[in-house]
Amino acid sequence: MDPLKAAVAIVHVASAMLFVVGYVSTGVLTELARRAGGADERRQLLALSGRFDGWFQIPFGTLVGLSGLAAVFVFGHAWTELWVIVSILAFGAVTFGGAVLWRGRSGKVRDALASGDDGQVRALLSARPAVIQSRIENVLVALVVILMVLRPA
């Protein structure tokens with residue numbers, strides 16, 4: 001394998017692994033916060049969730065997306081291959097959901113936490129749109145991982 005392909009593959013796979021660490025950690029901690037028995041426990045879980053988001057999900061999500069686009073070009077895949085299109089759309093949807101929808105919701109959660117309104121925090125985390133979005137994103141991330149593993153060589 002030529003050095004450019006090897007470098008792109010290493011960056012893409014390593015950043016994908018670290019993104020998934022952040023994604024799963026953030027999701028699990030947020031789910032635990034939804035189910036927490038008290039406000040202090042919920043606050044701690046959400047603080048840790050935010051750290052995993054900032055440490056792993058955001059930076060490595062950006063890197064995996066950019067390196068994935070580079071990999072399509074470097075490895076000579078056609079932009080019209082179905083697995084490429086589906087992967088880009090699915091990852092784009094997850095990115096949009098995190099950057100736009102969750103960002104707005106998490107700001108409201110932070111405000112409710114700051115004011116000590118645990119009832120509002122629980123309501124925001126457990127709102128049907130938040131739960132549905134979370135489940136859809138889980139399916140999309142799993143789909144992208146599956147497509148990356150099973151893609152044509």
# chains A, B, ... in the order shown; residues from 1 in each chain; ligands from 1
call {"tool": "select_by_dssp", "arguments": {"residues": "range 30-62 of chain A", "states": "alpha helix (DSSP H)", "output": "list in words"}}
result
Thr30, Glu31, Leu32, Ala33, Arg34, Arg35, Ala39, Asp40, Glu41, Arg42, Arg43, Gln44, Leu45, Leu46, Ala47, Leu48, Ser49, Gly50, Arg51, Phe52, Ile58, Pro59, Phe60, Gly61 and Thr62 of chain A
call {"tool": "residues_around", "arguments": {"residues": "Ser134 in chain A", "least_positions_apart": "5", "cutoff": "12 Å", "atoms": "only C-alpha atoms", "output": "VMD selection string"}}
result
chain A and resid 23 to 24 26 to 28 30 to 31 93 to 94 97 to 98 101 to 102 125 to 129 139 to 141
call {"tool": "write_last_selection", "arguments": {"atoms": "C-alpha atoms", "output": "mmCIF file, in the first residue's frame"}}
result
data_model
loop_
_atom_site.group_PDB
_atom_site.id
_atom_site.type_symbol
_atom_site.label_atom_id
_atom_site.label_comp_id
_atom_site.auth_asym_id
_atom_site.auth_seq_id
_atom_site.Cartn_x
_atom_site.Cartn_y
_atom_site.Cartn_z
ATOM 1 C CA TYR A 23 -20.394 8.707 20.837
ATOM 2 C CA VAL A 24 -21.119 5.604 22.902
ATOM 3 C CA THR A 26 -21.882 10.321 25.660
ATOM 4 C CA GLY A 27 -24.980 8.329 24.754
ATOM 5 C CA VAL A 28 -24.700 5.891 27.655
ATOM 6 C CA THR A 30 -26.966 10.698 28.883
ATOM 7 C CA GLU A 31 -29.203 7.625 29.070
ATOM 8 C CA ALA A 93 -27.363 13.308 9.577
ATOM 9 C CA VAL A 94 -25.654 12.312 12.842
ATOM 10 C CA GLY A 97 -28.240 16.136 14.795
ATOM 11 C CA GLY A 98 -25.346 16.703 17.176
ATOM 12 C CA LEU A 101 -30.467 19.672 17.405
ATOM 13 C CA TRP A 102 -28.539 18.379 20.425
ATOM 14 C CA LEU A 125 -33.740 14.633 28.444
ATOM 15 C CA SER A 126 -36.836 12.439 28.333
ATOM 16 C CA ALA A 127 -38.812 14.403 25.753
ATOM 17 C CA ARG A 128 -40.049 12.138 22.991
ATOM 18 C CA PRO A 129 -38.163 14.018 20.213
ATOM 19 C CA VAL A 139 -29.018 3.179 14.112
ATOM 20 C CA LEU A 140 -27.233 5.555 11.726
ATOM 21 C CA VAL A 141 -23.880 5.242 13.521
#
call {"tool": "residues_around", "arguments": {"residues": "range 108-111 of chain A", "least_positions_apart": "4", "cutoff": "10 Å", "atoms": "only C-alpha atoms", "output": "PyMOL selection string"}}
result
chain A and resi 43+46-47+102-104+115-118+120-125
call {"tool": "closest_atom_pairs", "arguments": {"of": "range 40-109 of chain A", "to": "range 142-147 of chain A", "cutoff": "8 Å", "atoms": "only C-alpha atoms", "output": "Markdown table"}}
result
| residue | atom | partner | partner_atom | distance |
| --- | --- | --- | --- | --- |
| A:Trp83 | CA | A:Leu147 | CA | 6.4 |
| A:Val86 | CA | A:Val144 | CA | 7.9 |
| A:Ser87 | CA | A:Val144 | CA | 5.3 |
| A:Ala90 | CA | A:Val144 | CA | 6.8 |
| A:Phe91 | CA | A:Val144 | CA | 6.9 |
call {"tool": "write_last_selection", "arguments": {"atoms": "N, CA, C and O atoms", "output": "CSV table (one decimal), in the first residue's frame"}}
result
chain,number,residue,atom,x,y,z
A,83,TRP,N,-22.7,2.5,-1.1
A,83,TRP,CA,-22.2,2.5,0.2
A,83,TRP,C,-21.6,3.9,0.6
A,83,TRP,O,-21.6,4.3,1.7
A,86,VAL,N,-24.6,6.4,1.1
A,86,VAL,CA,-25.3,6.1,2.3
A,86,VAL,C,-24.5,6.5,3.5
A,86,VAL,O,-25.0,7.1,4.5
A,87,SER,N,-23.2,6.2,3.5
A,87,SER,CA,-22.3,6.5,4.6
A,87,SER,C,-22.2,8.0,4.8
A,87,SER,O,-22.3,8.5,5.9
A,90,ALA,N,-25.7,9.3,6.1
A,90,ALA,CA,-25.9,8.9,7.5
A,90,ALA,C,-25.0,9.6,8.5
A,90,ALA,O,-25.5,10.1,9.5
A,91,PHE,N,-23.7,9.7,8.2
A,91,PHE,CA,-22.8,10.4,9.0
A,91,PHE,C,-23.2,11.9,9.1
A,91,PHE,O,-23.1,12.6,10.1
call {"tool": "closest_residue", "arguments": {"among": "A:Ala114, A:Ala130, A:Ile85, A:Leu32", "to": "Arg151 in chain A", "atoms": "only C-alpha atoms"}}
result
A:Ile85
call {"tool": "closest_residue", "arguments": {"among": "A:Gln57, A:Phe96, A:Ala39, A:Glu137", "to": "Ala112 in chain A", "atoms": "only C-alpha atoms"}}
result
A:Ala39
call {"tool": "residues_around", "arguments": {"residues": "Phe73 in chain A", "least_positions_apart": "6", "cutoff": "12 Å", "atoms": "only C-alpha atoms", "output": "ChimeraX atom specification"}}
result
/A:4-5,8-9,66-67,79-80,84
call {"tool": "decode", "arguments": {"residues": "range 88-99 of chain A", "atoms": "all heavy atoms", "output": "mmCIF file, in the first residue's frame"}}
result
data_model
loop_
_atom_site.group_PDB
_atom_site.id
_atom_site.type_symbol
_atom_site.label_atom_id
_atom_site.label_comp_id
_atom_site.auth_asym_id
_atom_site.auth_seq_id
_atom_site.Cartn_x
_atom_site.Cartn_y
_atom_site.Cartn_z
ATOM 1 N N ILE A 88 -22.058 8.769 3.723
ATOM 2 C CA ILE A 88 -21.965 10.229 3.828
ATOM 3 C C ILE A 88 -23.269 10.820 4.350
ATOM 4 O O ILE A 88 -23.265 11.672 5.247
ATOM 5 C CB ILE A 88 -21.578 10.852 2.466
ATOM 6 C CG1 ILE A 88 -20.128 10.496 2.121
ATOM 7 C CG2 ILE A 88 -21.782 12.373 2.481
ATOM 8 C CD1 ILE A 88 -19.711 10.852 0.708
ATOM 9 N N LEU A 89 -24.392 10.363 3.824
ATOM 10 C CA LEU A 89 -25.687 10.888 4.284
ATOM 11 C C LEU A 89 -25.959 10.527 5.745
ATOM 12 O O LEU A 89 -26.432 11.376 6.522
ATOM 13 C CB LEU A 89 -26.821 10.383 3.388
ATOM 14 C CG LEU A 89 -26.839 10.937 1.961
ATOM 15 C CD1 LEU A 89 -27.942 10.261 1.147
ATOM 16 C CD2 LEU A 89 -26.998 12.450 1.967
ATOM 17 N N ALA A 90 -25.669 9.293 6.127
ATOM 18 C CA ALA A 90 -25.917 8.867 7.510
ATOM 19 C C ALA A 90 -25.019 9.626 8.482
ATOM 20 O O ALA A 90 -25.486 10.136 9.506
ATOM 21 C CB ALA A 90 -25.710 7.357 7.648
ATOM 22 N N PHE A 91 -23.733 9.730 8.155
ATOM 23 C CA PHE A 91 -22.818 10.449 9.040
ATOM 24 C C PHE A 91 -23.164 11.934 9.069
ATOM 25 O O PHE A 91 -23.102 12.577 10.122
ATOM 26 C CB PHE A 91 -21.365 10.235 8.622
ATOM 27 C CG PHE A 91 -20.391 10.718 9.659
ATOM 28 C CD1 PHE A 91 -20.162 9.969 10.802
ATOM 29 C CD2 PHE A 91 -19.722 11.912 9.504
ATOM 30 C CE1 PHE A 91 -19.280 10.412 11.777
ATOM 31 C CE2 PHE A 91 -18.836 12.363 10.471
ATOM 32 C CZ PHE A 91 -18.615 11.617 11.610
ATOM 33 N N GLY A 92 -23.564 12.467 7.936
ATOM 34 C CA GLY A 92 -24.004 13.868 7.885
ATOM 35 C C GLY A 92 -25.227 14.112 8.752
ATOM 36 O O GLY A 92 -25.323 15.137 9.433
ATOM 37 N N ALA A 93 -26.164 13.174 8.745
ATOM 38 C CA ALA A 93 -27.363 13.308 9.577
ATOM 39 C C ALA A 93 -27.002 13.276 11.061
ATOM 40 O O ALA A 93 -27.533 14.061 11.854
ATOM 41 C CB ALA A 93 -28.366 12.202 9.248
ATOM 42 N N VAL A 94 -26.090 12.384 11.445
ATOM 43 C CA VAL A 94 -25.654 12.312 12.842
ATOM 44 C C VAL A 94 -24.939 13.608 13.225
ATOM 45 O O VAL A 94 -25.167 14.160 14.313
ATOM 46 C CB VAL A 94 -24.747 11.082 13.077
ATOM 47 C CG1 VAL A 94 -24.089 11.117 14.448
ATOM 48 C CG2 VAL A 94 -25.550 9.800 12.898
ATOM 49 N N THR A 95 -24.098 14.104 12.342
ATOM 50 C CA THR A 95 -23.371 15.343 12.601
ATOM 51 C C THR A 95 -24.337 16.519 12.736
ATOM 52 O O THR A 95 -24.218 17.331 13.651
ATOM 53 C CB THR A 95 -22.345 15.606 11.479
ATOM 54 O OG1 THR A 95 -21.452 14.494 11.422
ATOM 55 C CG2 THR A 95 -21.568 16.875 11.720
ATOM 56 N N PHE A 96 -25.300 16.602 11.835
ATOM 57 C CA PHE A 96 -26.309 17.665 11.908
ATOM 58 C C PHE A 96 -27.091 17.554 13.214
ATOM 59 O O PHE A 96 -27.326 18.554 13.903
ATOM 60 C CB PHE A 96 -27.267 17.591 10.716
ATOM 61 C CG PHE A 96 -28.392 18.576 10.802
ATOM 62 C CD1 PHE A 96 -28.202 19.894 10.417
ATOM 63 C CD2 PHE A 96 -29.634 18.196 11.291
ATOM 64 C CE1 PHE A 96 -29.237 20.818 10.509
ATOM 65 C CE2 PHE A 96 -30.675 19.107 11.395
ATOM 66 C CZ PHE A 96 -30.476 20.422 11.000
ATOM 67 N N GLY A 97 -27.485 16.341 13.556
ATOM 68 C CA GLY A 97 -28.240 16.136 14.795
ATOM 69 C C GLY A 97 -27.465 16.600 16.013
ATOM 70 O O GLY A 97 -28.019 17.254 16.902
ATOM 71 N N GLY A 98 -26.174 16.288 16.045
ATOM 72 C CA GLY A 98 -25.346 16.703 17.176
ATOM 73 C C GLY A 98 -25.049 18.180 17.193
ATOM 74 O O GLY A 98 -25.147 18.836 18.228
ATOM 75 N N ALA A 99 -24.699 18.716 16.036
ATOM 76 C CA ALA A 99 -24.278 20.115 15.961
ATOM 77 C C ALA A 99 -25.442 21.096 16.062
ATOM 78 O O ALA A 99 -25.267 22.208 16.558
ATOM 79 C CB ALA A 99 -23.518 20.359 14.655
#
